[in-house]
Structure formats: C-alpha cells, structure tokens
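A.B. asks: Encoded as structure tokens, here's the structure I'll be asking about.
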Amino acid sequence: MRFLFFLLLCTQITYSQNQLQAVLLDSTTKAPIEFADVYNHYNYTTSNADGSFMFTSESDSVFIKRLGYKPLRSTFNELQNKKIIFLTEETIALDEVVLTSEKSIFDYIKDSLISNYPFSPYEERFTLRALLKKNDTILKLEDLSGKVKRQQLLASKSNPMPKRNYEIELLNMRKAGIKEDGIDFMLNDFHEIFQWFVSIAFDKEYFDMHSSNINDSLVKYEIKIKDSIAQHSSISSIGSYIVNSEDKAIMEAMREMKIPNAEFEKSGPYRYRTIYFRIHSFFEKGKKPYYYLKNSKLNLTAEVINNKTQHKDIYDCTYILTTHDNFKELNTQKNASVKKDIFRLKYPYNPDFWEKQNQLLLTNEMLDFLSTVNAKDNEYRAISNLK
C-alpha cells in the first residue's frame, strides 16, 4: 500500500587549500546548531542537524553566522585545532509586551510582501535532503542537487501561487532505501515540498502574539493559538517570527502544529493520519532588493494502523533545503517532474560529486544507514542508485 503525507572542490587541485571540519554548539545549552552559515568572500557551506560542517577555501578568513547568535569572525589558522566551536545566543531584551494595536505585525508583513519578496521569475541552486523513518529507524535517504526556476517565492491575496510555480533541473542525486513488505510510504514531490517550505502564514484572528527585541534591528514574535480555539479543536499550534524592524521582512519563521485527533484516511487494510508538522524557514536579503529562502526544514509525523492487527507504526519524514546562487542567470533546463514522488525520480549517481561536495554533510546516523544498505550480507531489499 502507498501512503503520502498530506499536508567546490575541483578534481585536480593545484593550489593550497585550507580545510576546517568542526561541530557548532550553543554555548549555553550545548545543543547542535543547524543551518549556521560558514563562509568567506569566495566559498560557502552550512551546518547539518548534528551541527557539523566542512569548509574549504583558498582564503584564510572564516565567518560563521546564524540568526539569533552573535557572529564569529576568525581564520582557518585560529580555528584549525578546534573540533567544537561555540556560538553565543544574542540576548533578548526583557521589555516583552502583548500586541494590542489594531494593526498587528501580520498586517505590516502582509503590506510589505511585494516590496520584500520576489513575485517575478528567478533562479537559484539548491540542495534538498529527504529522510524517512519508521519507528525511529531510517527507511529512505535521498539527496538531490540542481537548479530551480521559481515564478514567485510567496503568495498573497492579489498574487496567488501559480499552479506551475517551479521548473527543476536535476544535476546530482544519491538515494538509498529499504523496501517494506506491504507498505510503500511515498515521499512527496517537488511541488508539495517547495510549497510547504513557505507555508509560514498565521491568521491573526486565531493567534495571540508577544514580542521582544533581539537587538536594534530584529524583533522576535512568539505566536500561539488562542486557548479557546485550542480547547475546542484539541489542536496545539505555536510559532515564531524574527522580523527586520525596518522593512518588516520575515528573517526567520517557525510554525508547528500537533493534531492528536486528526481524522484517519483509508488505504486498503490500513488507516493513516498526519499528527504533527513543523516548518522552520530562514530568509536572507540578496543583491537584488528582495529576500530569498536561504534554508528550510520540514518535519512531518504520520500514524499508520493495520486494521486487522491494530498494530501502530509511526513514520517521520524530514525535508531539508539549502539554496545559493540566488537571482543569478542559471539557464535552468527542466529535466525532472515536479509532480512525482522524488524517490521515484531517476538520475545517475556521481561519486566524484558527492565525495567532494560540502553541503549538508551526512550525519552519523545516516552514515550507519548507508553502510547497512550497501553491505553484502544485507538482509533487506535495498533500493538505491549508489554503487
């Protein structure tokens, strides 16, 4: 049965390169910091869910930044012996207030959408990771890199999202999965995934909001569904915005919803429902006067019950996006369907690319999974383009 969640390195190096591989942690909580930018004027990478990154460059300078943390300016020479690098969170001012004005931040953001975000076609490069787990065990892992041409980034009342908003040119793919008996839990398609990454809007009629200053230019808004609505619907929903106080652009958005009493869908001898989702997206201003989607992470949880045995399984799906070369002329040549389960797309595996690229390093858990799938004595039926 099939289920669907609803909702630069060159090959020959003839010059000296600096390389830094480390883990970024929060200085207070010691938690890994994901989506931190590690860069200089020539090269760029980002940290993964473990906080790990590998950065390579001819230049000696290293800049590390993550919204909400104090930026770090250093060099390869200063950091070369550090396996762990701590970032310090920016202190949020204590002048917290409840917003009661007639015109809320929702209105300000809505009014400034056209001036802050692109509503005309543009191109960018992307890396997309998909991870599917069953009861905390990995079933599918897929990484894709390529180019995307968007007709627009966000939607507004006067500019709804086009039905054909994306053109995808795949350049590289690696995928590995374990085929289950009886169930093939599908991954989503590009259209659905990319739409979810920007599904960050809240209806001000249903949510309360508190604000606090992070610094002179950033304000954090904590958003929570009104108690009366939560009690009536049994839905728990929270979120947050970090907003540029000058132009009212969203720099970071998080939206989370728990739906414990969601209605079941039926598929053969099974019934299933999505009980949780979380979207966390980061926006950055480009050389053009517009913001683009820099990084995003989507988590979905589904519950599947066998009607005959009443056995319950929990499936967790994660999609992670990073982008670069935003707003450049990339001559995107469509070669992949945007309406097809991404795991069913076919593209040859290029070991040279994947061994040398430094975007979204594989976590230790993912490395263990790949070694299991590729083992000669593998007891599972593996589906993979890895060799």
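For the structure tokens, the naming scheme is as follows: chains receive sequential letters (A, B, ...) according to their order of presentation, residues are indexed from 1 within each chain, and ligands are indexed from 1 in presentation order.
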I'd like the contact shell of A:Asp341 - 7 Å cut-off, only C-alpha atoms, skipping same-chain residues fewer than 4 positions apart - returned as a PyMOL selection string.

C.D. replies: chain A and resi 186-189+345

A.B. asks: Atoms to include: all heavy atoms. Write the selected residues as a PDB file, in the first residue's frame.

C.D. replies:
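The result, stored in part-v7.pdb:
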```
ATOM      1  N   MET A 186       5.358   6.749   0.495  1.00  0.00           N
ATOM      2  CA  MET A 186       5.913   7.615  -0.528  1.00  0.00           C
ATOM      3  C   MET A 186       6.503   8.887   0.061  1.00  0.00           C
ATOM      4  O   MET A 186       6.065   9.378   1.093  1.00  0.00           O
ATOM      5  CB  MET A 186       4.820   7.997  -1.529  1.00  0.00           C
ATOM      6  CG  MET A 186       4.196   6.823  -2.247  1.00  0.00           C
ATOM      7  SD  MET A 186       2.736   7.315  -3.200  1.00  0.00           S
ATOM      8  CE  MET A 186       3.472   8.437  -4.401  1.00  0.00           C
ATOM      9  N   LEU A 187       7.510   9.402  -0.615  1.00  0.00           N
ATOM     10  CA  LEU A 187       7.965  10.760  -0.351  1.00  0.00           C
ATOM     11  C   LEU A 187       7.100  11.699  -1.190  1.00  0.00           C
ATOM     12  O   LEU A 187       6.405  11.283  -2.108  1.00  0.00           O
ATOM     13  CB  LEU A 187       9.440  10.917  -0.708  1.00  0.00           C
ATOM     14  CG  LEU A 187      10.426  10.072   0.113  1.00  0.00           C
ATOM     15  CD1 LEU A 187      11.860  10.370  -0.316  1.00  0.00           C
ATOM     16  CD2 LEU A 187      10.267  10.316   1.604  1.00  0.00           C
ATOM     17  N   ASN A 188       7.168  12.970  -0.873  1.00  0.00           N
ATOM     18  CA  ASN A 188       6.356  13.944  -1.609  1.00  0.00           C
ATOM     19  C   ASN A 188       7.071  14.407  -2.873  1.00  0.00           C
ATOM     20  O   ASN A 188       8.226  14.056  -3.111  1.00  0.00           O
ATOM     21  CB  ASN A 188       6.019  15.119  -0.703  1.00  0.00           C
ATOM     22  CG  ASN A 188       5.139  14.703   0.458  1.00  0.00           C
ATOM     23  OD1 ASN A 188       5.629  14.402   1.541  1.00  0.00           O
ATOM     24  ND2 ASN A 188       3.843  14.648   0.243  1.00  0.00           N
ATOM     25  N   ASP A 189       6.390  15.208  -3.661  1.00  0.00           N
ATOM     26  CA  ASP A 189       7.002  15.716  -4.887  1.00  0.00           C
ATOM     27  C   ASP A 189       7.558  17.117  -4.657  1.00  0.00           C
ATOM     28  O   ASP A 189       7.314  17.753  -3.632  1.00  0.00           O
ATOM     29  CB  ASP A 189       5.993  15.694  -6.046  1.00  0.00           C
ATOM     30  CG  ASP A 189       4.751  16.534  -5.773  1.00  0.00           C
ATOM     31  OD1 ASP A 189       4.890  17.710  -5.395  1.00  0.00           O
ATOM     32  OD2 ASP A 189       3.626  16.025  -5.954  1.00  0.00           O
ATOM     33  N   LEU A 345      12.125   9.501  -8.852  1.00  0.00           N
ATOM     34  CA  LEU A 345      12.886  10.142  -9.920  1.00  0.00           C
ATOM     35  C   LEU A 345      14.181   9.374 -10.141  1.00  0.00           C
ATOM     36  O   LEU A 345      14.758   8.803  -9.214  1.00  0.00           O
ATOM     37  CB  LEU A 345      13.204  11.594  -9.547  1.00  0.00           C
ATOM     38  CG  LEU A 345      12.012  12.535  -9.394  1.00  0.00           C
ATOM     39  CD1 LEU A 345      12.473  13.895  -8.895  1.00  0.00           C
ATOM     40  CD2 LEU A 345      11.253  12.687 -10.710  1.00  0.00           C
TER      41      LEU A 345
END
```

A.B. asks: Any chance you could list, as a VMD selection string, the residues in stretch 55-282 of chain A that come up strand (DSSP E or B) when DSSP is run on the backbone?

C.D. replies: chain A and resid 55 to 57 61 to 65 69 72 to 75 84 to 87 89 97 to 98 122 to 134 137 to 150 166 to 178 184 to 185 207 to 213 218 to 225 236 to 244 250 to 258 265 to 267 270 to 282

A.B. asks: Using only C-alpha atoms, find the one residue out of A:Ile275, A:Leu132, A:Leu25, A:Leu144 that sits nearest to A:Asn172.

C.D. replies: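 Closest to A:Asn172, using only C-alpha atoms: A:Leu144.
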
A.B. asks: Would you list the contacts of stretch 286-296 of chain A as a list of chain:residue names, taking every protein, DNA or RNA residue within 9 Å and counting only C-alpha atoms, but skipping same-chain residues closer than 4 positions in sequence?

C.D. replies: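 Listing them by chain and then by number gives A:Phe35, A:Ser115, A:Asn116, A:Tyr117, A:Pro118, A:Leu153, A:Phe197, A:Val198, A:Ala249, A:Ile250, A:Met251, A:Ile279, A:His280, A:Ser281, A:Phe282, A:Tyr319, A:Ile320, A:Leu321, A:Thr322, A:Thr323, A:His324, A:Asn326, A:Phe327.
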
A.B. asks: Selected residues, N, CA and C atoms, written as a PDB file, in the first residue's frame, please.

C.D. replies:
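Written file, result-v1.pdb:
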```pdb
ATOM      1  N   PHE A  35      21.948  24.887  10.315  1.00  0.00           N
ATOM      2  CA  PHE A  35      21.743  25.996   9.375  1.00  0.00           C
ATOM      3  C   PHE A  35      22.580  27.220   9.726  1.00  0.00           C
ATOM      4  N   SER A 115       7.207  44.425  -1.731  1.00  0.00           N
ATOM      5  CA  SER A 115       8.491  45.130  -1.752  1.00  0.00           C
ATOM      6  C   SER A 115       9.633  44.302  -1.186  1.00  0.00           C
ATOM      7  N   ASN A 116       9.317  43.234  -0.415  1.00  0.00           N
ATOM      8  CA  ASN A 116      10.377  42.458   0.233  1.00  0.00           C
ATOM      9  C   ASN A 116      10.711  41.138  -0.453  1.00  0.00           C
ATOM     10  N   TYR A 117       9.746  40.567  -1.194  1.00  0.00           N
ATOM     11  CA  TYR A 117       9.954  39.221  -1.746  1.00  0.00           C
ATOM     12  C   TYR A 117       9.674  39.209  -3.238  1.00  0.00           C
ATOM     13  N   PRO A 118      10.364  38.336  -3.994  1.00  0.00           N
ATOM     14  CA  PRO A 118      10.198  38.321  -5.457  1.00  0.00           C
ATOM     15  C   PRO A 118       8.859  37.720  -5.888  1.00  0.00           C
ATOM     16  N   LEU A 153       8.127  33.614  -4.998  1.00  0.00           N
ATOM     17  CA  LEU A 153       8.513  32.924  -3.765  1.00  0.00           C
ATOM     18  C   LEU A 153       7.324  32.685  -2.841  1.00  0.00           C
ATOM     19  N   PHE A 197       7.625  24.680   2.361  1.00  0.00           N
ATOM     20  CA  PHE A 197       8.723  25.459   2.930  1.00  0.00           C
ATOM     21  C   PHE A 197       8.346  26.924   3.151  1.00  0.00           C
ATOM     22  N   VAL A 198       7.395  27.429   2.373  1.00  0.00           N
ATOM     23  CA  VAL A 198       6.992  28.835   2.509  1.00  0.00           C
ATOM     24  C   VAL A 198       5.581  28.962   3.072  1.00  0.00           C
ATOM     25  N   ALA A 249      10.354  42.661   7.055  1.00  0.00           N
ATOM     26  CA  ALA A 249      10.556  41.395   6.362  1.00  0.00           C
ATOM     27  C   ALA A 249      10.782  40.277   7.367  1.00  0.00           C
ATOM     28  N   ILE A 250      10.224  39.114   7.084  1.00  0.00           N
ATOM     29  CA  ILE A 250      10.459  37.939   7.921  1.00  0.00           C
ATOM     30  C   ILE A 250      11.848  37.394   7.616  1.00  0.00           C
ATOM     31  N   MET A 251      12.685  37.308   8.642  1.00  0.00           N
ATOM     32  CA  MET A 251      14.021  36.749   8.502  1.00  0.00           C
ATOM     33  C   MET A 251      14.042  35.266   8.882  1.00  0.00           C
ATOM     34  N   ILE A 279       7.510  23.526  10.408  1.00  0.00           N
ATOM     35  CA  ILE A 279       8.242  24.196   9.335  1.00  0.00           C
ATOM     36  C   ILE A 279       9.144  25.248   9.971  1.00  0.00           C
ATOM     37  N   HIS A 280      10.408  25.262   9.588  1.00  0.00           N
ATOM     38  CA  HIS A 280      11.346  26.257  10.106  1.00  0.00           C
ATOM     39  C   HIS A 280      12.130  26.797   8.915  1.00  0.00           C
ATOM     40  N   SER A 281      11.906  28.063   8.562  1.00  0.00           N
ATOM     41  CA  SER A 281      12.486  28.642   7.356  1.00  0.00           C
ATOM     42  C   SER A 281      13.271  29.907   7.671  1.00  0.00           C
ATOM     43  N   PHE A 282      14.356  30.112   6.898  1.00  0.00           N
ATOM     44  CA  PHE A 282      15.237  31.261   7.075  1.00  0.00           C
ATOM     45  C   PHE A 282      15.323  32.022   5.757  1.00  0.00           C
ATOM     46  N   TYR A 319      12.364  16.992   5.442  1.00  0.00           N
ATOM     47  CA  TYR A 319      12.910  17.587   4.227  1.00  0.00           C
ATOM     48  C   TYR A 319      13.747  18.799   4.622  1.00  0.00           C
ATOM     49  N   ILE A 320      14.956  18.890   4.077  1.00  0.00           N
ATOM     50  CA  ILE A 320      15.866  19.990   4.390  1.00  0.00           C
ATOM     51  C   ILE A 320      16.322  20.636   3.085  1.00  0.00           C
ATOM     52  N   LEU A 321      16.258  21.959   3.040  1.00  0.00           N
ATOM     53  CA  LEU A 321      16.627  22.699   1.830  1.00  0.00           C
ATOM     54  C   LEU A 321      17.701  23.734   2.145  1.00  0.00           C
ATOM     55  N   THR A 322      18.705  23.814   1.285  1.00  0.00           N
ATOM     56  CA  THR A 322      19.634  24.939   1.299  1.00  0.00           C
ATOM     57  C   THR A 322      19.706  25.477  -0.124  1.00  0.00           C
ATOM     58  N   THR A 323      19.896  26.792  -0.265  1.00  0.00           N
ATOM     59  CA  THR A 323      19.983  27.393  -1.593  1.00  0.00           C
ATOM     60  C   THR A 323      21.192  28.324  -1.673  1.00  0.00           C
ATOM     61  N   HIS A 324      21.662  28.549  -2.904  1.00  0.00           N
ATOM     62  CA  HIS A 324      22.725  29.519  -3.146  1.00  0.00           C
ATOM     63  C   HIS A 324      22.655  29.965  -4.608  1.00  0.00           C
ATOM     64  N   ASN A 326      21.448  32.611  -5.635  1.00  0.00           N
ATOM     65  CA  ASN A 326      20.088  33.123  -5.796  1.00  0.00           C
ATOM     66  C   ASN A 326      20.080  34.349  -6.693  1.00  0.00           C
ATOM     67  N   PHE A 327      19.090  34.424  -7.573  1.00  0.00           N
ATOM     68  CA  PHE A 327      18.863  35.532  -8.503  1.00  0.00           C
ATOM     69  C   PHE A 327      19.888  35.593  -9.641  1.00  0.00           C
TER      70      PHE A 327
END
```

A.B. asks: Excluding stretch 366-376 of chain A and any residue of its chain fewer than 2 positions from it, enumerate the residues within 8 Å of it, using only C-alpha atoms, and give them as a list of chain:residue names.

C.D. replies: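 Surrounding residues, per the criterion: A:Ile138, A:Leu141, A:Ala176, A:Gly177, A:Ile178, A:Leu362, A:Thr363, A:Asn364, A:Asn378, A:Tyr380, A:Ala382.
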
A.B. asks: Which of these, A:Ser27, A:Leu171, A:Ser59, A:Tyr315, has the shortest distance to A:His41 once you count only C-alpha atoms?

C.D. replies: A:Ser59

A.B. asks: Neighbours of A:Leu360 within 7 Å (only C-alpha atoms; same-chain residues fewer than 5 positions away dropped), as a CSV table (one decimal) with N, CA and C atoms, in the first residue's frame?

C.D. replies:
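What landed in part07.csv:
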```csv
chain,number,residue,atom,x,y,z
A,46,THR,N,27.1,25.2,5.0
A,46,THR,CA,26.2,25.3,6.2
A,46,THR,C,26.3,24.1,7.0
A,47,SER,N,25.9,24.2,8.3
A,47,SER,CA,26.0,23.1,9.3
A,47,SER,C,24.7,22.2,9.2
A,48,ASN,N,24.9,20.9,9.5
A,48,ASN,CA,23.8,20.0,9.4
A,48,ASN,C,23.1,19.8,10.7
```
